[in-house]
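> Can you keep this structure in mind? I'll have questions shortly.
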Amino acid sequence: MEMDFVWNDGGRAACGFVGLTGDCVTRSIAIATGAKYQDVYDRLGKESEKSPRNGIQTEIAAAYLAEKEWERTQGFDRPLVIDELPQGVFILHLTKLYDRCPHFSTVIDHVVHDTWNPANDEYFIKSYWTGVAAQNRRKATGSRDQESATESQDLTQAEFDKILDRLRKLDRTANNCGSTESEKHNALRMMQSLMLRHNLTRDDMLDESNVDSIQFTRIACPVNGRRACNWEKNLAAYVTKTILPTTQWFSSSKGHRTLFWFYGPRSDVQNALALFRELLLTIATSAHLQFGGFTRGSGASYAEGYVQGLPTSSVEEKTSSEQIMSDLALIHSRTMTLQSAANQWLEYECNIKLSVTCRAGRDKFDEAAASRGRLHGSKHDIAVPGPQLRLGRK
C-alpha cells in the first residue's frame, strides 16, 4: 500500500452497515471528528431528510461541522497535492473540472484516510475544514490510530462474519421441524434483535457468498510515461485474469506518468498490486540488463515475450470429475459476481465509468528477443503474497 494512504471506512463495517454506497461525507466526518459512524449517519440523514448513503448537499455537511466548531476555508480550486497541506486533520471537499460529482476525504498528517486514494486523480480542493478539537485529539493519541486502522478493519470484518454465521444458525433452528415452538420463537426473537442491532436484512444471510459485506477499494501503481507499454498492460491483465481474478484493472494518466489502477476486494487488491510491482520490476530489470531498455525495440519485445511465457495455472485440470467441474463453476460464478459488484462500487463511490480504447500496435518486433523472454517467463515461479483461504471474505 502506498505511503500516503490508509484504508479506512470510518467505522461503517463496525456499525453493521453492508452493501455498496457513496457515503464519503459521512465517512470523512466520522474519521476526522472521531464521532461514531452511526451517529454521524443518523444526524446527516435527519438534516437532509433522506438517507445519506449516496451523499448529501455540501451545505448540510458544512452546517454540521460548523456546529462542531470546525472552520471552513476556501481552497480556491487549487490542485490536490498532499505534501503541500500542513500537518493536522483536514476534511477536504474535492472537485474535478467539468464534473458535478464532488468527493469528501480526510487527510491526517499528509496521509489520506479513505476507501481509495483521491490524490492519484485530477482533483482540485474546493474547500476544507479544520477543527481545534481534532488537532488536540491527534496530539493526545499520537500516530497509533494510523498504525491500527487497517488491523481494526480486518477485525471488524471477521466479527461481522461471525454475526452472519450466528444468524444462519438461528434461521436453521427456526425452520427446523424438530424444534419446539419455544425454540423457534426464541430463535426468531434473537434473529430480529441481531438484525436490528447491525442494520441487516434477511437477504444478507441467505447466501454465504453474499458480496454485500465485501469491502472494496482501488489502489494505483504509477509507472513512468504517459503511454504505457503493451507488455505492462498485458502484465496487469495477467495478474487480474490468471492469478487474482476477483480483481480488475484500468489505466489512466497523470502528468508524465501512467497509473495502473487495481480495484476489487480490499485484501485481493493489495495482493494484486504487490505482485504487479514485483513482476514489473523483475521484467524491466531483466530487459534493461540484456537489451539496454524495455520501452522499445528488442527490450520491449523481450518483455512482451516474458509476460506471454508466465505460467497460466498452478493447478493441472486434467480430470473430468463432476465435483471438480461443479466447484470450478461455483468459483467462476462467485468471481463474476464480485467483478460486477466491484464495477458498481467504482461507479457509485468513485464516479468512474470505464470505456475500452484501442491503439495501433508498434512495429519492429524482435521475435528472437521475444522467444528468449517467453523462455525466461516460463521459469518464473509465481507466488501470491498473503493468499486468502476464502474468496473475498477477509
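Chain labels A, B, ... are given in the sequence in which chains occur in the C-alpha cells; within each chain residues are numbered consecutively from 1, and ligands are likewise numbered from 1 in the order shown.
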Give me the residues near range 45-55 of chain A as JSON, numbers by chain, where near means some atom within 8 Å (using only C-alpha atoms) and where sequence neighbours in that chain fewer than 4 positions away do not count.
{"A": [21, 22, 23, 24, 25, 26, 41, 60, 348]}
> Within 7 Å of range 114-128 of chain A, counting only C-alpha atoms, which residues qualify if same-chain residues fewer than 5 places away don't, as a list in words?
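The filter keeps Phe5, Val6, Trp7, Asn8, Asp9, Arg72, Thr73, Gln74, Gly75, Phe76, Asp77, Arg78, Pro79, Leu80, Val81, Ile82, Phe90, Ile91, Leu92, His93, Leu94, Thr95, Lys96, Ser105, Thr106, Thr217, Arg218 and Ile219 of chain A.
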> Could those residues be written to a file, using C-alpha atoms, as a compact mmCIF listing (two decimals), in the first residue's frame?

```txt
# COMPACT_ATOMS: atom_id res chain seq x y z
CA PHE A 5 -2.85 6.24 2.00
CA VAL A 6 -4.57 4.26 4.79
CA TRP A 7 -7.72 2.29 4.04
CA ASN A 8 -10.40 3.49 6.46
CA ASP A 9 -14.19 3.18 6.22
CA ARG A 72 -14.18 26.22 6.74
CA THR A 73 -11.57 27.62 4.33
CA GLN A 74 -12.00 28.09 0.59
CA GLY A 75 -9.42 26.17 -1.43
CA PHE A 76 -9.51 28.45 -4.48
CA ASP A 77 -9.69 25.37 -6.71
CA ARG A 78 -6.01 24.59 -6.35
CA PRO A 79 -4.81 21.10 -7.35
CA LEU A 80 -4.78 18.44 -4.65
CA VAL A 81 -1.16 17.87 -3.62
CA ILE A 82 -0.99 16.10 -0.27
CA PHE A 90 -8.40 18.12 7.33
CA ILE A 91 -11.73 17.31 5.74
CA LEU A 92 -11.33 18.07 2.03
CA HIS A 93 -14.13 18.98 -0.37
CA LEU A 94 -12.74 17.90 -3.75
CA THR A 95 -13.99 18.50 -7.28
CA LYS A 96 -12.92 17.81 -10.84
CA SER A 105 -11.95 12.86 2.02
CA THR A 106 -9.95 13.09 5.26
CA THR A 217 -11.07 -0.35 -2.73
CA ARG A 218 -8.84 0.76 -5.60
CA ILE A 219 -5.10 1.47 -5.48
```
> Go through A:Asp4, A:Gly10, A:Glu59, A:Leu275 and flag the residue nearest Asp109 in chain A, using only C-alpha atoms for the distances.
A:Asp4
> What's around Thr173 in chain A at 12 Å? Count only C-alpha atoms, leave out sequence neighbours fewer than 4 positions away in its own chain, and write the answer as a ChimeraX atom specification.
/A:166-169,177-191
> Can you tell me which residues surround Ala383 in chain A at a distance of at most 12 Å, considering only C-alpha atoms, apart from same-chain residues fewer than 5 positions away, and format the answer as a ChimeraX atom specification?
/A:239,243-244,271-272,274-276,278-279,310-311,313-314
> Using Å and a single decimal, report how far CA of Ile163 in chain A sits from CA of Ala35 in chain A.
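So the two atoms, CA of Ala35 in chain A and CA of Ile163 in chain A, lie 23.7 Å apart.
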> Write down as a compact mmCIF listing (two decimals) with N, CA and C atoms, in the first residue's frame the residues of range 32-107 of chain A whose backbone DSSP state falls under helix (DSSP H, G or I).

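Saved result, result_33.txt, follows:
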```txt
# COMPACT_ATOMS: atom_id res chain seq x y z
N ALA A 32 -12.51 12.13 10.72
CA ALA A 32 -11.84 13.35 11.18
C ALA A 32 -12.25 13.75 12.59
N THR A 33 -13.53 13.64 12.90
CA THR A 33 -14.01 14.11 14.20
C THR A 33 -13.89 13.06 15.29
N TYR A 37 -19.70 6.41 13.54
CA TYR A 37 -20.26 6.47 12.19
C TYR A 37 -21.78 6.52 12.23
N GLN A 38 -22.38 5.69 13.08
CA GLN A 38 -23.84 5.63 13.15
C GLN A 38 -24.43 6.97 13.58
N ASP A 39 -23.77 7.66 14.52
CA ASP A 39 -24.28 8.95 14.99
C ASP A 39 -24.23 10.00 13.88
N VAL A 40 -23.12 10.03 13.14
CA VAL A 40 -22.99 10.98 12.03
C VAL A 40 -24.01 10.66 10.95
N TYR A 41 -24.16 9.38 10.65
CA TYR A 41 -25.11 8.93 9.63
C TYR A 41 -26.53 9.35 9.98
N ASP A 42 -26.93 9.11 11.22
CA ASP A 42 -28.30 9.46 11.64
C ASP A 42 -28.52 10.97 11.61
N ARG A 43 -27.54 11.73 12.08
CA ARG A 43 -27.71 13.18 12.14
C ARG A 43 -27.80 13.79 10.74
N LEU A 44 -26.90 13.40 9.83
CA LEU A 44 -26.94 13.93 8.47
C LEU A 44 -28.21 13.49 7.74
N GLY A 45 -28.66 12.26 8.02
CA GLY A 45 -29.90 11.80 7.41
C GLY A 45 -31.09 12.60 7.88
N LYS A 46 -31.10 12.96 9.17
CA LYS A 46 -32.20 13.75 9.71
C LYS A 46 -32.20 15.15 9.11
N GLU A 47 -31.04 15.77 8.99
CA GLU A 47 -30.95 17.13 8.47
C GLU A 47 -31.30 17.20 6.98
N SER A 48 -30.90 16.16 6.23
CA SER A 48 -31.16 16.17 4.78
C SER A 48 -32.51 15.56 4.42
N PRO A 52 -28.29 9.32 3.89
CA PRO A 52 -27.02 9.89 3.42
C PRO A 52 -26.10 8.88 2.76
N ARG A 53 -26.59 7.67 2.48
CA ARG A 53 -25.72 6.63 1.93
C ARG A 53 -25.21 6.96 0.54
N ASN A 54 -25.93 7.81 -0.20
CA ASN A 54 -25.48 8.20 -1.54
C ASN A 54 -25.10 9.67 -1.60
N THR A 58 -23.58 19.73 0.22
CA THR A 58 -22.39 20.22 0.92
C THR A 58 -22.75 21.15 2.08
N GLU A 59 -23.77 21.98 1.88
CA GLU A 59 -24.11 22.94 2.93
C GLU A 59 -24.65 22.26 4.19
N ILE A 60 -25.27 21.10 4.04
CA ILE A 60 -25.73 20.36 5.22
C ILE A 60 -24.53 19.86 6.01
N ALA A 61 -23.53 19.35 5.30
CA ALA A 61 -22.30 18.91 5.97
C ALA A 61 -21.59 20.11 6.60
N ALA A 62 -21.59 21.24 5.90
CA ALA A 62 -20.93 22.44 6.42
C ALA A 62 -21.60 22.92 7.71
N ALA A 63 -22.93 22.87 7.75
CA ALA A 63 -23.66 23.28 8.95
C ALA A 63 -23.35 22.35 10.12
N TYR A 64 -23.28 21.05 9.85
CA TYR A 64 -22.96 20.09 10.90
C TYR A 64 -21.56 20.35 11.46
N LEU A 65 -20.59 20.58 10.56
CA LEU A 65 -19.21 20.82 11.00
C LEU A 65 -19.08 22.16 11.73
N ALA A 66 -19.85 23.16 11.29
CA ALA A 66 -19.82 24.45 11.99
C ALA A 66 -20.33 24.30 13.42
N GLU A 67 -21.33 23.46 13.60
CA GLU A 67 -21.86 23.19 14.94
C GLU A 67 -20.81 22.53 15.81
N ILE A 82 -0.98 16.42 -1.69
CA ILE A 82 -0.99 16.10 -0.27
C ILE A 82 0.17 16.74 0.48
N ASP A 83 1.37 16.72 -0.11
CA ASP A 83 2.55 17.23 0.59
C ASP A 83 2.48 18.73 0.83
N GLU A 84 1.64 19.44 0.08
CA GLU A 84 1.53 20.89 0.25
C GLU A 84 0.60 21.27 1.40
```
> So which one's closest to Phe291 in chain A, A:Leu20, A:Leu194, A:Ala174, A:Ala303? Using only C-alpha atoms, please.
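So, comparing all the options, the nearest one is A:Ala303.
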> Would you list the contacts of Val269 in chain A as a list of chain:residue names, taking every protein, DNA or RNA residue within 7 Å and counting only C-alpha atoms, but skipping same-chain residues closer than 5 positions in sequence?
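That gives A:Arg218, A:Thr247, A:Phe262, A:Tyr263, A:Gly264.
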> Now that the selection is made, can you save its residues with N, CA and C atoms as a PDB file, in the first residue's frame?

```pdb
ATOM      1  N   ARG A 218      -9.674   0.707  -4.393  1.00  0.00           N
ATOM      2  CA  ARG A 218      -8.844   0.764  -5.596  1.00  0.00           C
ATOM      3  C   ARG A 218      -7.543   1.454  -5.235  1.00  0.00           C
ATOM      4  N   THR A 247      -9.997  -9.461  -8.815  1.00  0.00           N
ATOM      5  CA  THR A 247      -9.623  -8.063  -9.014  1.00  0.00           C
ATOM      6  C   THR A 247      -9.705  -7.711 -10.489  1.00  0.00           C
ATOM      7  N   PHE A 262      -5.831  -0.941  -9.714  1.00  0.00           N
ATOM      8  CA  PHE A 262      -6.386  -2.258  -9.395  1.00  0.00           C
ATOM      9  C   PHE A 262      -7.537  -2.041  -8.420  1.00  0.00           C
ATOM     10  N   TYR A 263      -8.679  -2.674  -8.682  1.00  0.00           N
ATOM     11  CA  TYR A 263      -9.830  -2.492  -7.806  1.00  0.00           C
ATOM     12  C   TYR A 263     -10.548  -3.815  -7.616  1.00  0.00           C
ATOM     13  N   GLY A 264     -11.270  -3.897  -6.475  1.00  0.00           N
ATOM     14  CA  GLY A 264     -11.973  -5.122  -6.108  1.00  0.00           C
ATOM     15  C   GLY A 264     -11.938  -5.288  -4.602  1.00  0.00           C
TER      16      GLY A 264
END
```
> What gap, in Å, lies between CA of Leu273 in chain A and CA of Gln87 in chain A?
28.4 Å
